[in-house]
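Structure record follows, encoded as structure tokens.
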Amino acid sequence: MQVFEFPSESDAITANLTVSEDGTEIGTSITRWMDTPHFYTNGKLIVLHVGQNPEIVNLLESLLGNQFAGM
């Protein structure tokens with residue numbers, strides 16, 4: 001899991017717009033994840049969880065809302 005904190009909510013929104021719908025492209029980079037990526041955003045944060053553990057996914061969704069990108 002990675003947590004990115006931006007200076008402002010608008011900076012986080014700008015950053016999340018660079019992530020493709022399936023989470024495999026960020027800006028001009030193509031990423032091959034070891035497992036399923038899940039991207040969440042809330043306020044100034046973007047949270048990335050790579051994995052398929054339903055308990056973690058449910059916890060993140062309860063805290064941050066639905067993922068904005070990923071599989």
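Order determines the names: the first chain of the structure tokens is A, the second B, and so forth; residues in each chain are numbered 1 upward, and ligands are numbered 1 upward as they are shown.
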### Query
When DSSP works through the backbone of this structure, what residues of chain A end up as strand (DSSP E or B), shown as a ChimeraX atom specification?
/A:2-5,19,25-26,29-30,37-42,45-50,69-70
### Distance of CA of Tyr40 (chain A) from CA of Phe68 (chain A), expressed in Å to one decimal place
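Between these atoms lies a distance of 5.7 Å.
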### Message
When DSSP is applied to the backbone of this structure, which of chain A are assigned helix (DSSP H, G or I)? Write them out as a PyMOL selection string.
### Response
chain A and resi 9-16+54-64
Please produce a file of those selected residues containing N, CA, C and O atoms, as a short mmCIF file (atom, residue, chain, number, x, y, z; two decimals), in the first residue's frame.
```
data_model
loop_
_atom_site.label_atom_id
_atom_site.label_comp_id
_atom_site.auth_asym_id
_atom_site.auth_seq_id
_atom_site.Cartn_x
_atom_site.Cartn_y
_atom_site.Cartn_z
N GLU A 9 -6.16 19.59 -2.29
CA GLU A 9 -7.11 18.66 -2.90
C GLU A 9 -7.11 18.80 -4.42
O GLU A 9 -7.21 17.80 -5.13
N SER A 10 -6.96 20.01 -4.91
CA SER A 10 -6.94 20.19 -6.38
C SER A 10 -5.70 19.54 -6.99
O SER A 10 -5.77 19.01 -8.10
N ASP A 11 -4.58 19.54 -6.28
CA ASP A 11 -3.39 18.83 -6.77
C ASP A 11 -3.63 17.32 -6.83
O ASP A 11 -3.19 16.65 -7.77
N ALA A 12 -4.32 16.78 -5.83
CA ALA A 12 -4.64 15.35 -5.83
C ALA A 12 -5.58 15.02 -6.98
O ALA A 12 -5.41 13.99 -7.65
N ILE A 13 -6.55 15.88 -7.24
CA ILE A 13 -7.48 15.66 -8.36
C ILE A 13 -6.73 15.69 -9.68
O ILE A 13 -6.94 14.84 -10.55
N THR A 14 -5.84 16.64 -9.83
CA THR A 14 -5.04 16.72 -11.06
C THR A 14 -4.22 15.45 -11.25
O THR A 14 -4.14 14.92 -12.36
N ALA A 15 -3.63 14.95 -10.17
CA ALA A 15 -2.83 13.73 -10.25
C ALA A 15 -3.69 12.52 -10.59
O ALA A 15 -3.30 11.68 -11.41
N ASN A 16 -4.89 12.42 -9.98
CA ASN A 16 -5.69 11.22 -10.26
C ASN A 16 -6.21 11.21 -11.69
O ASN A 16 -6.51 10.16 -12.23
N PRO A 54 -10.17 -8.96 0.12
CA PRO A 54 -11.45 -8.24 0.20
C PRO A 54 -11.61 -7.44 1.49
O PRO A 54 -12.29 -6.41 1.49
N GLU A 55 -11.00 -7.87 2.58
CA GLU A 55 -11.11 -7.13 3.83
C GLU A 55 -10.42 -5.77 3.72
O GLU A 55 -10.94 -4.76 4.20
N ILE A 56 -9.27 -5.74 3.08
CA ILE A 56 -8.56 -4.47 2.90
C ILE A 56 -9.31 -3.58 1.93
O ILE A 56 -9.48 -2.38 2.18
N VAL A 57 -9.79 -4.15 0.83
CA VAL A 57 -10.55 -3.37 -0.15
C VAL A 57 -11.80 -2.78 0.51
O VAL A 57 -12.10 -1.59 0.34
N ASN A 58 -12.52 -3.58 1.28
CA ASN A 58 -13.72 -3.08 1.96
C ASN A 58 -13.39 -1.98 2.97
O ASN A 58 -14.11 -0.99 3.08
N LEU A 59 -12.29 -2.15 3.70
CA LEU A 59 -11.87 -1.12 4.66
C LEU A 59 -11.53 0.18 3.94
O LEU A 59 -11.99 1.26 4.34
N LEU A 60 -10.76 0.10 2.87
CA LEU A 60 -10.40 1.31 2.12
C LEU A 60 -11.64 1.99 1.55
O LEU A 60 -11.75 3.21 1.59
N GLU A 61 -12.57 1.20 1.02
CA GLU A 61 -13.79 1.79 0.47
C GLU A 61 -14.63 2.45 1.58
O GLU A 61 -15.23 3.49 1.34
N SER A 62 -14.64 1.86 2.77
CA SER A 62 -15.40 2.47 3.85
C SER A 62 -14.78 3.78 4.32
O SER A 62 -15.47 4.69 4.75
N LEU A 63 -13.45 3.89 4.21
CA LEU A 63 -12.75 5.10 4.65
C LEU A 63 -12.64 6.16 3.55
O LEU A 63 -12.71 7.36 3.83
N LEU A 64 -12.46 5.70 2.30
CA LEU A 64 -12.12 6.63 1.21
C LEU A 64 -13.17 6.69 0.09
O LEU A 64 -13.07 7.54 -0.78
#
```
### Task
Tell me which protein, DNA and RNA residues are within 9 Å of Thr18 (chain A), counting only C-alpha atoms, leaving out same-chain ones fewer than 6 positions away, and put them as a list of chain:residue names.
A:Glu25, A:Ile26, A:Gly27, A:Thr28
Please, could you write that set of residues out with all heavy atoms as a short mmCIF file (atom, residue, chain, number, x, y, z; two decimals), in the first residue's frame?
```
data_model
loop_
_atom_site.label_atom_id
_atom_site.label_comp_id
_atom_site.auth_asym_id
_atom_site.auth_seq_id
_atom_site.Cartn_x
_atom_site.Cartn_y
_atom_site.Cartn_z
N GLU A 25 -1.80 2.64 -16.49
CA GLU A 25 -1.04 3.76 -17.02
C GLU A 25 -1.15 4.94 -16.08
O GLU A 25 -2.25 5.30 -15.64
CB GLU A 25 -1.55 4.16 -18.40
CG GLU A 25 -1.35 3.09 -19.46
CD GLU A 25 -1.89 3.51 -20.81
OE1 GLU A 25 -1.71 4.68 -21.19
OE2 GLU A 25 -2.52 2.67 -21.46
N ILE A 26 -0.01 5.53 -15.78
CA ILE A 26 0.04 6.74 -14.96
C ILE A 26 0.85 7.75 -15.75
O ILE A 26 2.07 7.57 -15.94
CB ILE A 26 0.67 6.48 -13.58
CG1 ILE A 26 -0.13 5.39 -12.85
CG2 ILE A 26 0.71 7.76 -12.77
CD1 ILE A 26 0.51 4.90 -11.59
N GLY A 27 0.16 8.78 -16.24
CA GLY A 27 0.83 9.73 -17.12
C GLY A 27 1.25 9.00 -18.39
O GLY A 27 0.44 8.36 -19.04
N THR A 28 2.54 9.06 -18.70
CA THR A 28 3.05 8.39 -19.89
C THR A 28 3.71 7.05 -19.57
O THR A 28 4.29 6.43 -20.45
CB THR A 28 4.06 9.30 -20.63
OG1 THR A 28 5.13 9.61 -19.73
CG2 THR A 28 3.40 10.58 -21.11
#
```
Fewer than 5 positions away in the same chain doesn't count, so skip those; otherwise give me all residues within 6 Å of Ala69 (chain A), counting only C-alpha atoms, as an mmCIF file with C-alpha atoms, in the first residue's frame.
```cif
data_model
loop_
_atom_site.group_PDB
_atom_site.id
_atom_site.type_symbol
_atom_site.label_atom_id
_atom_site.label_comp_id
_atom_site.auth_asym_id
_atom_site.auth_seq_id
_atom_site.Cartn_x
_atom_site.Cartn_y
_atom_site.Cartn_z
ATOM 1 C CA GLU A 21 -9.308 3.664 -15.680
ATOM 2 C CA ASP A 22 -7.713 0.241 -15.156
ATOM 3 C CA GLY A 23 -4.717 1.695 -13.286
ATOM 4 C CA PHE A 39 -6.634 3.569 -6.485
#
```
